[in-house]
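A.B. asks: To start, I am sharing the structure in question, which I have written as structure tokens.
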Amino acid sequence: MAQDSMTEQGDPSQMSFEDALRALESIVRRLESGDVPLDESISLYSQGEELRKRCMERLQAAEARIAKLTLDAGGAVTGAQPFGAD
């Protein structure tokens, strides 16, 4: 079963966060099973690292879009600050 998982699942840079996470979870399960030959394990690990990077990039991009809303005493939105800019 030495198929290239990345070819089956597509380019990580084109995957949605959810698809990349599912693919990463699948790789982790396969590696944890202990039934994968060494060469395939190395390839899977490399693919998993690419997927992990993709997931982190997507999470960081989402975090950057989140804004902290500022409210006046009446609860009306008066502005927004970038996430983490306290």
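Letters for chains follow the order of the structure tokens (A, B, ...), residue numbers begin at 1 for each chain, and ligand numbers begin at 1 in the order shown.
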Out of segment 19-72 of chain A, which residues get helix (DSSP H, G or I) from DSSP, as a ChimeraX atom specification?
C.D. replies: /A:19-33,38-65
A.B. asks: Give the strand (DSSP E) residues of segment 43-78 of chain A, as DSSP finds them on the backbone, and put them as a list of chain:residue names.
C.D. replies: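 Secondary structure check on segment 43-78 of chain A, strand (DSSP E): A:Ala67, A:Lys68, A:Leu69, A:Thr70, A:Leu71, A:Val77, A:Thr78.
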A.B. asks: For Arg22 of chain A, which of A:Leu59, A:Gly48, A:Gly74, A:Asp39 is the closest residue, counting only C-alpha atoms?
C.D. replies: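 Checking each of A:Leu59, A:Gly48, A:Gly74, A:Asp39 against Arg22 of chain A, counting only C-alpha atoms, the winner is A:Gly48.
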A.B. asks: Between atom CA of Glu57 of chain A and atom CA of Asp11 of chain A, what is the distance in Å, rounded to a tenth?
C.D. replies: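 Calculated distance between atom CA of Glu57 of chain A and atom CA of Asp11 of chain A is 14.5 Å.
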A.B. asks: So how far away is atom CA of Arg30 of chain A from atom CA of Gln60 of chain A, in Å?
C.D. replies: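 Taking atom CA of Gln60 of chain A as the start and atom CA of Arg30 of chain A as the end point, the length is 27.1 Å.
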A.B. asks: Determine, counting only C-alpha atoms, which protein, DNA and RNA residues have an atom within 9 Å of an atom of Val28 of chain A; residues of the same chain fewer than 4 positions away are not included. Present the result as JSON, numbers by chain.
C.D. replies: {"A": [23, 24, 32, 33, 44, 45, 48]}
A.B. asks: With C-alpha atoms retained, could you export that selection as a short mmCIF file (atom, residue, chain, number, x, y, z; two decimals), in the first residue's frame?
C.D. replies:
data_model
loop_
_atom_site.label_atom_id
_atom_site.label_comp_id
_atom_site.auth_asym_id
_atom_site.auth_seq_id
_atom_site.Cartn_x
_atom_site.Cartn_y
_atom_site.Cartn_z
CA ALA A 23 -5.85 14.06 5.85
CA LEU A 24 -3.43 14.78 8.69
CA GLU A 32 0.38 5.08 15.00
CA SER A 33 -0.82 1.68 13.76
CA LEU A 44 3.86 9.93 5.39
CA TYR A 45 5.68 11.97 8.01
CA GLY A 48 1.92 15.16 7.53
#
A.B. asks: Please compute the atom CA of Leu51 of chain A-atom CA of Ala20 of chain A distance, one decimal, in Å.
C.D. replies: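 Computing the Euclidean distance for atom CA of Leu51 of chain A and atom CA of Ala20 of chain A yields 5.7 Å.
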A.B. asks: Using only C-alpha atoms, which residue out of A:Leu21, A:Ile27, A:Ala73, A:Ala62 lies closest to Glu40 of chain A?
C.D. replies: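 Result for the nearest residue to Glu40 of chain A: A:Ile27.
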A.B. asks: Hey, which of A:Asp19, A:Thr70, A:Met56, A:Ser46 ends up closest to Leu31 of chain A? Count only C-alpha atoms.
C.D. replies: A:Ser46
